[in-house]
Amino acid sequence: MIWTIIIIAGFNSTLAKGESQMKAEYLLQGKKYLIMGVANKHSIAWAIAKAFNQAGAQLAFSCQSEKFMEKTAKLIGTEMDSPLMLQCDVSKDEEIDAMIKSIGDQWGRFDGIVHSLAYAKREELSGMYAHTSREGFQLALDISAYSLTAVAGRIYPLLNPGSSIITLTFDGSQRVVKNYNVMGVAKASLEASVRYLANDLGPHGIRVNAVSAGPIRTVSAKGVKDFNRLLDNLDQKLPLRRLPSAEDVAGATLFLASPLAAAVTGTIVYVDCGQHIIAT
Ligand code: NAD
C-alpha cells in the first residue's frame with residue numbers, strides 16, 4: 001500500500017527523514033483479527049479484510065453459512081496466509097459459542113473483531129415504517145444490532161488489551177432515509193450498543209467504535225427498495241463530489257483498529273464523503 005500516515009510526534013520535535021512516517025503496511029503487524037460478514041467480493045467486509053491483510057494482520061473469517069464460507073474461501077484463494085474459516089449464523093447462540101471456542105482453541109488471545117453484517121426482510125425495506133411487523137422488527141434488531149452485543153459480551157475475555165471492536169452502521173439511524181425503515185431503527189440500537197459496550201469494555205483495554213458508511217452497492221444495500229435511485233446524482237450533492245467506496249470504509253476501519261486510534265472509543269466515524277452534514 002502506497003499511502004502513509006504522518007505521525008505528529010510532538011509539537012516542536014524535528015524528526016529525521018523516515019522516522020516521521022509509519023507505513024500502513026505495518027499498522028497491524030503481529031495482530032490477529034476476526035472478520036465477520038464477507039458474502040462476496042462487493043462486501044464491505046472483504047475490502048476491510050484486504051486492507052487488514054496488507055497491514056500485516058493474521059485473519060479469521062466467520063460466515064453465515066457453508067455457502068458463504070465456500071465463496072469466501074474462493075475469494076481468499078492464495079491472497080492470504082491460510083486464515084481460520086468459521087461458520088456462524090449470529091441469530092444462534094450455540095453457533096456464536098462454537099465460533100468463539102474454535103478461535104480460542106486455535107489462537108488463544110487475539111486483537112479484535114470487525115462486525116460487518118446486517119439483515120432485514122426485503123418486505124420491511126419499502127413503504128411505511130409504521131407497517132413493520134413484530135417478527136420483522138425482532139429479526140432485524142436481533143441480527144443487525146443484538147449480534148454485536150452477543151459476540152462482544154462473550155469474546156472480550158479472549159481479547160488482548162489494546163484490542164478494537166468495529167461495527168458498520170448507516171446514517172439512516174439518525175435521519176429518515178426512504179425505505180431504510182426498520183434497518184434505521186436497528187442501526188440506532190447498534191450505535192447505542194457501541195457506546196454501552198465501549199464503557200463496559202474500556203477498563204479491559206478494549207475499544208468499541210462504528211464506521212458509518214455512505215451508500216455502497218452491495219447485496220445488502222440492494223435489498224432496500226429503490227437503492228439505485230437513492231444514488232442518482234448524489235455524488236454532485238456531496239461536499240467531496242463523489243460517493244464513498246468500500247476501500248474508503250476499509251481505510252477508516254484500519255485506522256480504528258490500529259494504535260493510531262488508541263484513545264478513540266465509543267464513537268461513530270462517518271465515511272460518507274460528507275453526506276451527514278448536508279440536507280440531501
Ligand atoms: P453484504 O451483503 O455484502 O454483507 C452483509 C453480510 O451480513 C453478509 O455477509 C451476510 O452473510 C451477513 N449476515 C446476514 N445475516 C446474518 C446472520 N444471521 N449471521 C451471520 N451473518 C449474517 O453487504 P454490506 O453492504 O457489505 O454490509 C455490511 C455492513 O455494512 C452491514 O452492517 C450494513 O448495514 C453496513 N452498511 C452498508 C452500507 C451500504 O451502502 N452497503 C452502508 C452503511 C452500512
# chains A, B, ... in the order shown; residues from 1 in each chain; ligands from 1

$ select_by_dssp --residues "range 89-145 of chain A" --states "alpha helix (DSSP H)" --output "VMD selection string"
chain A and resid 93 to 107 134 to 141

$ closest_atom_pairs --of "chain A" --to "ligand 1" --cutoff "9 Å" --atoms "only C-alpha atoms and all ligand atoms" --output "CSV"
residue,atom,partner,partner_atom_place_in_ligand_line,distance
A:Met36,CA,ligand 1,21 (N),7.0
A:Gly37,CA,ligand 1,9 (O),3.6
A:Val38,CA,ligand 1,9 (O),4.2
A:Ala39,CA,ligand 1,9 (O),3.8
A:Asn40,CA,ligand 1,3 (O),6.1
A:Lys41,CA,ligand 1,3 (O),7.8
A:His42,CA,ligand 1,3 (O),5.9
A:Ser43,CA,ligand 1,3 (O),3.3
A:Ile44,CA,ligand 1,26 (O),3.8
A:Ala45,CA,ligand 1,26 (O),5.7
A:Trp46,CA,ligand 1,26 (O),7.7
A:Ala47,CA,ligand 1,26 (O),8.8
A:Ser62,CA,ligand 1,20 (C),7.7
A:Cys63,CA,ligand 1,21 (N),5.9
A:Gln64,CA,ligand 1,20 (C),3.8
A:Ser65,CA,ligand 1,11 (O),7.3
A:Phe68,CA,ligand 1,11 (O),6.6
A:Gln87,CA,ligand 1,20 (C),8.3
A:Cys88,CA,ligand 1,20 (C),5.8
A:Asp89,CA,ligand 1,19 (N),3.5
A:Val90,CA,ligand 1,19 (N),4.0
A:Ser91,CA,ligand 1,18 (N),5.0
A:Lys92,CA,ligand 1,18 (N),7.8
A:His115,CA,ligand 1,32 (O),7.3
A:Ser116,CA,ligand 1,29 (C),4.1
A:Leu117,CA,ligand 1,7 (O),3.4
A:Ala118,CA,ligand 1,32 (O),4.3
A:Tyr119,CA,ligand 1,14 (C),4.9
A:Ala120,CA,ligand 1,15 (N),8.2
A:Asp142,CA,ligand 1,18 (N),8.6
A:Ile143,CA,ligand 1,18 (N),5.6
A:Ser144,CA,ligand 1,32 (O),6.5
A:Ala145,CA,ligand 1,32 (O),8.8
A:Ser147,CA,ligand 1,19 (N),8.3
A:Thr167,CA,ligand 1,32 (O),7.1
A:Leu168,CA,ligand 1,30 (O),4.8
A:Thr169,CA,ligand 1,44 (C),4.3
A:Phe170,CA,ligand 1,43 (C),4.1
A:Asp171,CA,ligand 1,43 (C),7.5
A:Gly172,CA,ligand 1,43 (C),8.7
A:Met183,CA,ligand 1,34 (O),7.7
A:Lys187,CA,ligand 1,34 (O),7.7
A:Val211,CA,ligand 1,44 (C),7.8
A:Ser212,CA,ligand 1,43 (C),5.8
A:Ala213,CA,ligand 1,43 (C),4.1
A:Gly214,CA,ligand 1,42 (C),5.1
A:Pro215,CA,ligand 1,40 (O),3.4
A:Ile216,CA,ligand 1,40 (O),3.7
A:Arg217,CA,ligand 1,41 (N),5.5
A:Thr218,CA,ligand 1,25 (O),4.7
A:Val219,CA,ligand 1,2 (O),4.3
A:Ser220,CA,ligand 1,2 (O),3.8
A:Ala221,CA,ligand 1,41 (N),4.6
A:Lys222,CA,ligand 1,41 (N),8.0
A:Gly223,CA,ligand 1,2 (O),8.8
A:Phe227,CA,ligand 1,40 (O),8.7
A:Ala246,CA,ligand 1,26 (O),8.0
A:Val271,CA,ligand 1,43 (C),9.0
A:Asp272,CA,ligand 1,42 (C),8.8

$ residues_around --residues "Leu59 in chain A" --least-positions-apart "4" --cutoff "9 Å" --atoms "only C-alpha atoms" --output "list in words"
Lys31, Lys32, Tyr33, Leu34, Ile35, Ala49, Phe52, Asn53, Met80, Asp81, Ser82, Pro83 and Leu84 of chain A

$ write_last_selection --atoms "C-alpha atoms" --output "PDB file, in the first residue's frame"
ATOM      1  CA  LYS A  31      -2.172  -8.701  15.240  1.00  0.00           C
ATOM      2  CA  LYS A  32      -4.985 -11.211  14.817  1.00  0.00           C
ATOM      3  CA  TYR A  33      -8.460 -10.091  13.738  1.00  0.00           C
ATOM      4  CA  LEU A  34     -11.814 -11.814  13.250  1.00  0.00           C
ATOM      5  CA  ILE A  35     -13.699 -10.505  10.197  1.00  0.00           C
ATOM      6  CA  ALA A  49     -10.122  -7.922   5.116  1.00  0.00           C
ATOM      7  CA  PHE A  52      -6.083  -5.596   7.269  1.00  0.00           C
ATOM      8  CA  ASN A  53      -4.158  -8.317   5.423  1.00  0.00           C
ATOM      9  CA  MET A  80      -3.934 -14.528   2.295  1.00  0.00           C
ATOM     10  CA  ASP A  81      -1.971 -16.818   4.561  1.00  0.00           C
ATOM     11  CA  SER A  82      -4.399 -19.712   5.371  1.00  0.00           C
ATOM     12  CA  PRO A  83      -6.895 -17.801   7.541  1.00  0.00           C
ATOM     13  CA  LEU A  84      -9.170 -19.570  10.014  1.00  0.00           C
TER      14      LEU A  84
END

$ select_by_dssp --residues "range 124-218 of chain A" --states "strand (DSSP E or B)" --output "PyMOL selection string"
chain A and resi 159-169+207-213

$ atom_distance --atom1 "CA of Ser173 in chain A" --atom2 "CA of Ala188 in chain A"
4.5 Å

$ atom_distance --atom1 "CA of Asp232 in chain A" --atom2 "CA of Ala140 in chain A"
26.7 Å

$ closest_residue --among "A:Tyr196, A:Asp97, A:Leu125, A:Ser164" --to "Gly184 in chain A" --atoms "only C-alpha atoms"
A:Leu125

$ atom_distance --atom1 "CA of Thr267 in chain A" --atom2 "CA of Asp93 in chain A"
26.9 Å

$ closest_residue --among "A:Leu190, A:Ile166, A:Asn181, A:Ile103" --to "Thr253 in chain A" --atoms "only C-alpha atoms"
A:Ile166

$ closest_residue --among "A:Leu243, A:Leu238, A:Val182, A:Ala261" --to "Gly274 in chain A" --atoms "only C-alpha atoms"
A:Leu238

$ closest_residue --among "A:Tyr180, A:Phe255, A:Tyr270, A:Phe110" --to "Tyr26 in chain A" --atoms "only C-alpha atoms"
A:Phe255

$ closest_residue --among "A:Ala55, A:Ala262, A:Leu254, A:Leu148" --to "Ala192 in chain A" --atoms "only C-alpha atoms"
A:Leu148

$ closest_residue --among "A:Val151, A:Ala51, A:Leu139, A:Ile206" --to "Glu95 in chain A" --atoms "only C-alpha atoms"
A:Val151

$ decode --residues "range 220-251 of chain A" --atoms "N, CA, C and O atoms" --output "PDB file, in the first residue's frame"
ATOM      1  N   SER A 220     -26.611  -6.417   0.296  1.00  0.00           N
ATOM      2  CA  SER A 220     -27.496  -5.924   1.360  1.00  0.00           C
ATOM      3  C   SER A 220     -28.139  -4.600   0.971  1.00  0.00           C
ATOM      4  O   SER A 220     -29.341  -4.402   1.169  1.00  0.00           O
ATOM      5  N   ALA A 221     -27.325  -3.698   0.420  1.00  0.00           N
ATOM      6  CA  ALA A 221     -27.846  -2.373   0.068  1.00  0.00           C
ATOM      7  C   ALA A 221     -28.949  -2.496  -0.971  1.00  0.00           C
ATOM      8  O   ALA A 221     -29.963  -1.783  -0.907  1.00  0.00           O
ATOM      9  N   LYS A 222     -28.788  -3.424  -1.892  1.00  0.00           N
ATOM     10  CA  LYS A 222     -29.795  -3.566  -2.956  1.00  0.00           C
ATOM     11  C   LYS A 222     -31.120  -4.117  -2.432  1.00  0.00           C
ATOM     12  O   LYS A 222     -32.132  -4.084  -3.116  1.00  0.00           O
ATOM     13  N   GLY A 223     -31.113  -4.628  -1.187  1.00  0.00           N
ATOM     14  CA  GLY A 223     -32.359  -5.085  -0.561  1.00  0.00           C
ATOM     15  C   GLY A 223     -33.275  -3.918  -0.199  1.00  0.00           C
ATOM     16  O   GLY A 223     -34.473  -4.099   0.019  1.00  0.00           O
ATOM     17  N   VAL A 224     -32.704  -2.708  -0.122  1.00  0.00           N
ATOM     18  CA  VAL A 224     -33.514  -1.514   0.191  1.00  0.00           C
ATOM     19  C   VAL A 224     -34.160  -1.048  -1.111  1.00  0.00           C
ATOM     20  O   VAL A 224     -33.459  -0.786  -2.090  1.00  0.00           O
ATOM     21  N   LYS A 225     -35.488  -0.947  -1.119  1.00  0.00           N
ATOM     22  CA  LYS A 225     -36.203  -0.599  -2.362  1.00  0.00           C
ATOM     23  C   LYS A 225     -35.672   0.731  -2.927  1.00  0.00           C
ATOM     24  O   LYS A 225     -35.437   1.681  -2.184  1.00  0.00           O
ATOM     25  N   ASP A 226     -35.473   0.746  -4.232  1.00  0.00           N
ATOM     26  CA  ASP A 226     -35.026   1.945  -4.959  1.00  0.00           C
ATOM     27  C   ASP A 226     -33.652   2.432  -4.510  1.00  0.00           C
ATOM     28  O   ASP A 226     -33.359   3.624  -4.602  1.00  0.00           O
ATOM     29  N   PHE A 227     -32.821   1.508  -4.014  1.00  0.00           N
ATOM     30  CA  PHE A 227     -31.487   1.917  -3.558  1.00  0.00           C
ATOM     31  C   PHE A 227     -30.726   2.638  -4.677  1.00  0.00           C
ATOM     32  O   PHE A 227     -30.102   3.668  -4.447  1.00  0.00           O
ATOM     33  N   ASN A 228     -30.805   2.098  -5.901  1.00  0.00           N
ATOM     34  CA  ASN A 228     -30.058   2.718  -7.005  1.00  0.00           C
ATOM     35  C   ASN A 228     -30.525   4.147  -7.265  1.00  0.00           C
ATOM     36  O   ASN A 228     -29.717   5.010  -7.579  1.00  0.00           O
ATOM     37  N   ARG A 229     -31.854   4.361  -7.100  1.00  0.00           N
ATOM     38  CA  ARG A 229     -32.371   5.710  -7.324  1.00  0.00           C
ATOM     39  C   ARG A 229     -31.824   6.690  -6.276  1.00  0.00           C
ATOM     40  O   ARG A 229     -31.599   7.867  -6.548  1.00  0.00           O
ATOM     41  N   LEU A 230     -31.577   6.151  -5.063  1.00  0.00           N
ATOM     42  CA  LEU A 230     -31.015   6.977  -3.978  1.00  0.00           C
ATOM     43  C   LEU A 230     -29.643   7.550  -4.389  1.00  0.00           C
ATOM     44  O   LEU A 230     -29.241   8.623  -3.957  1.00  0.00           O
ATOM     45  N   LEU A 231     -28.965   6.795  -5.251  1.00  0.00           N
ATOM     46  CA  LEU A 231     -27.608   7.207  -5.640  1.00  0.00           C
ATOM     47  C   LEU A 231     -27.597   8.171  -6.825  1.00  0.00           C
ATOM     48  O   LEU A 231     -26.570   8.787  -7.104  1.00  0.00           O
ATOM     49  N   ASP A 232     -28.755   8.308  -7.498  1.00  0.00           N
ATOM     50  CA  ASP A 232     -28.822   9.170  -8.686  1.00  0.00           C
ATOM     51  C   ASP A 232     -28.343  10.579  -8.369  1.00  0.00           C
ATOM     52  O   ASP A 232     -28.945  11.258  -7.534  1.00  0.00           O
ATOM     53  N   ASN A 233     -27.298  11.013  -9.038  1.00  0.00           N
ATOM     54  CA  ASN A 233     -26.752  12.384  -8.870  1.00  0.00           C
ATOM     55  C   ASN A 233     -26.342  12.723  -7.441  1.00  0.00           C
ATOM     56  O   ASN A 233     -26.075  13.878  -7.143  1.00  0.00           O
ATOM     57  N   LEU A 234     -26.336  11.715  -6.552  1.00  0.00           N
ATOM     58  CA  LEU A 234     -25.979  12.003  -5.164  1.00  0.00           C
ATOM     59  C   LEU A 234     -24.548  12.561  -5.075  1.00  0.00           C
ATOM     60  O   LEU A 234     -24.285  13.487  -4.307  1.00  0.00           O
ATOM     61  N   ASP A 235     -23.660  12.013  -5.888  1.00  0.00           N
ATOM     62  CA  ASP A 235     -22.262  12.465  -5.822  1.00  0.00           C
ATOM     63  C   ASP A 235     -22.160  13.991  -5.976  1.00  0.00           C
ATOM     64  O   ASP A 235     -21.385  14.627  -5.279  1.00  0.00           O
ATOM     65  N   GLN A 236     -22.983  14.563  -6.843  1.00  0.00           N
ATOM     66  CA  GLN A 236     -22.913  16.012  -7.105  1.00  0.00           C
ATOM     67  C   GLN A 236     -23.409  16.841  -5.918  1.00  0.00           C
ATOM     68  O   GLN A 236     -23.119  18.031  -5.815  1.00  0.00           O
ATOM     69  N   LYS A 237     -24.142  16.186  -5.006  1.00  0.00           N
ATOM     70  CA  LYS A 237     -24.685  16.923  -3.843  1.00  0.00           C
ATOM     71  C   LYS A 237     -23.752  16.835  -2.637  1.00  0.00           C
ATOM     72  O   LYS A 237     -23.944  17.523  -1.643  1.00  0.00           O
ATOM     73  N   LEU A 238     -22.771  15.955  -2.688  1.00  0.00           N
ATOM     74  CA  LEU A 238     -21.918  15.728  -1.514  1.00  0.00           C
ATOM     75  C   LEU A 238     -20.728  16.684  -1.505  1.00  0.00           C
ATOM     76  O   LEU A 238     -20.214  17.042  -2.565  1.00  0.00           O
ATOM     77  N   PRO A 239     -20.283  17.086  -0.315  1.00  0.00           N
ATOM     78  CA  PRO A 239     -19.145  18.004  -0.235  1.00  0.00           C
ATOM     79  C   PRO A 239     -17.948  17.533  -1.062  1.00  0.00           C
ATOM     80  O   PRO A 239     -17.283  18.346  -1.694  1.00  0.00           O
ATOM     81  N   LEU A 240     -17.652  16.237  -1.067  1.00  0.00           N
ATOM     82  CA  LEU A 240     -16.475  15.764  -1.810  1.00  0.00           C
ATOM     83  C   LEU A 240     -16.781  15.445  -3.273  1.00  0.00           C
ATOM     84  O   LEU A 240     -15.886  15.001  -4.012  1.00  0.00           O
ATOM     85  N   ARG A 241     -18.045  15.650  -3.699  1.00  0.00           N
ATOM     86  CA  ARG A 241     -18.455  15.450  -5.110  1.00  0.00           C
ATOM     87  C   ARG A 241     -18.119  14.050  -5.624  1.00  0.00           C
ATOM     88  O   ARG A 241     -17.763  13.869  -6.783  1.00  0.00           O
ATOM     89  N   ARG A 242     -18.231  13.068  -4.757  1.00  0.00           N
ATOM     90  CA  ARG A 242     -18.098  11.675  -5.170  1.00  0.00           C
ATOM     91  C   ARG A 242     -18.765  10.809  -4.116  1.00  0.00           C
ATOM     92  O   ARG A 242     -19.055  11.280  -3.010  1.00  0.00           O
ATOM     93  N   LEU A 243     -18.971   9.533  -4.467  1.00  0.00           N
ATOM     94  CA  LEU A 243     -19.536   8.590  -3.498  1.00  0.00           C
ATOM     95  C   LEU A 243     -18.402   7.849  -2.805  1.00  0.00           C
ATOM     96  O   LEU A 243     -17.335   7.648  -3.400  1.00  0.00           O
ATOM     97  N   PRO A 244     -18.620   7.422  -1.561  1.00  0.00           N
ATOM     98  CA  PRO A 244     -17.558   6.645  -0.895  1.00  0.00           C
ATOM     99  C   PRO A 244     -17.483   5.236  -1.480  1.00  0.00           C
ATOM    100  O   PRO A 244     -18.465   4.729  -2.028  1.00  0.00           O
ATOM    101  N   SER A 245     -16.325   4.610  -1.332  1.00  0.00           N
ATOM    102  CA  SER A 245     -16.143   3.231  -1.805  1.00  0.00           C
ATOM    103  C   SER A 245     -15.922   2.324  -0.595  1.00  0.00           C
ATOM    104  O   SER A 245     -15.646   2.795   0.522  1.00  0.00           O
ATOM    105  N   ALA A 246     -15.990   1.016  -0.839  1.00  0.00           N
ATOM    106  CA  ALA A 246     -15.700   0.060   0.239  1.00  0.00           C
ATOM    107  C   ALA A 246     -14.261   0.243   0.721  1.00  0.00           C
ATOM    108  O   ALA A 246     -13.963   0.066   1.904  1.00  0.00           O
ATOM    109  N   GLU A 247     -13.384   0.644  -0.195  1.00  0.00           N
ATOM    110  CA  GLU A 247     -11.971   0.854   0.188  1.00  0.00           C
ATOM    111  C   GLU A 247     -11.837   2.061   1.115  1.00  0.00           C
ATOM    112  O   GLU A 247     -11.002   2.069   2.025  1.00  0.00           O
ATOM    113  N   ASP A 248     -12.659   3.100   0.886  1.00  0.00           N
ATOM    114  CA  ASP A 248     -12.656   4.248   1.809  1.00  0.00           C
ATOM    115  C   ASP A 248     -13.048   3.785   3.213  1.00  0.00           C
ATOM    116  O   ASP A 248     -12.452   4.201   4.216  1.00  0.00           O
ATOM    117  N   VAL A 249     -14.065   2.942   3.264  1.00  0.00           N
ATOM    118  CA  VAL A 249     -14.547   2.435   4.562  1.00  0.00           C
ATOM    119  C   VAL A 249     -13.460   1.578   5.215  1.00  0.00           C
ATOM    120  O   VAL A 249     -13.198   1.673   6.426  1.00  0.00           O
ATOM    121  N   ALA A 250     -12.786   0.780   4.390  1.00  0.00           N
ATOM    122  CA  ALA A 250     -11.713  -0.079   4.915  1.00  0.00           C
ATOM    123  C   ALA A 250     -10.593   0.760   5.529  1.00  0.00           C
ATOM    124  O   ALA A 250     -10.031   0.398   6.569  1.00  0.00           O
ATOM    125  N   GLY A 251     -10.268   1.884   4.903  1.00  0.00           N
ATOM    126  CA  GLY A 251      -9.192   2.752   5.423  1.00  0.00           C
ATOM    127  C   GLY A 251      -9.515   3.253   6.823  1.00  0.00           C
ATOM    128  O   GLY A 251      -8.680   3.205   7.736  1.00  0.00           O
TER     129      GLY A 251
END
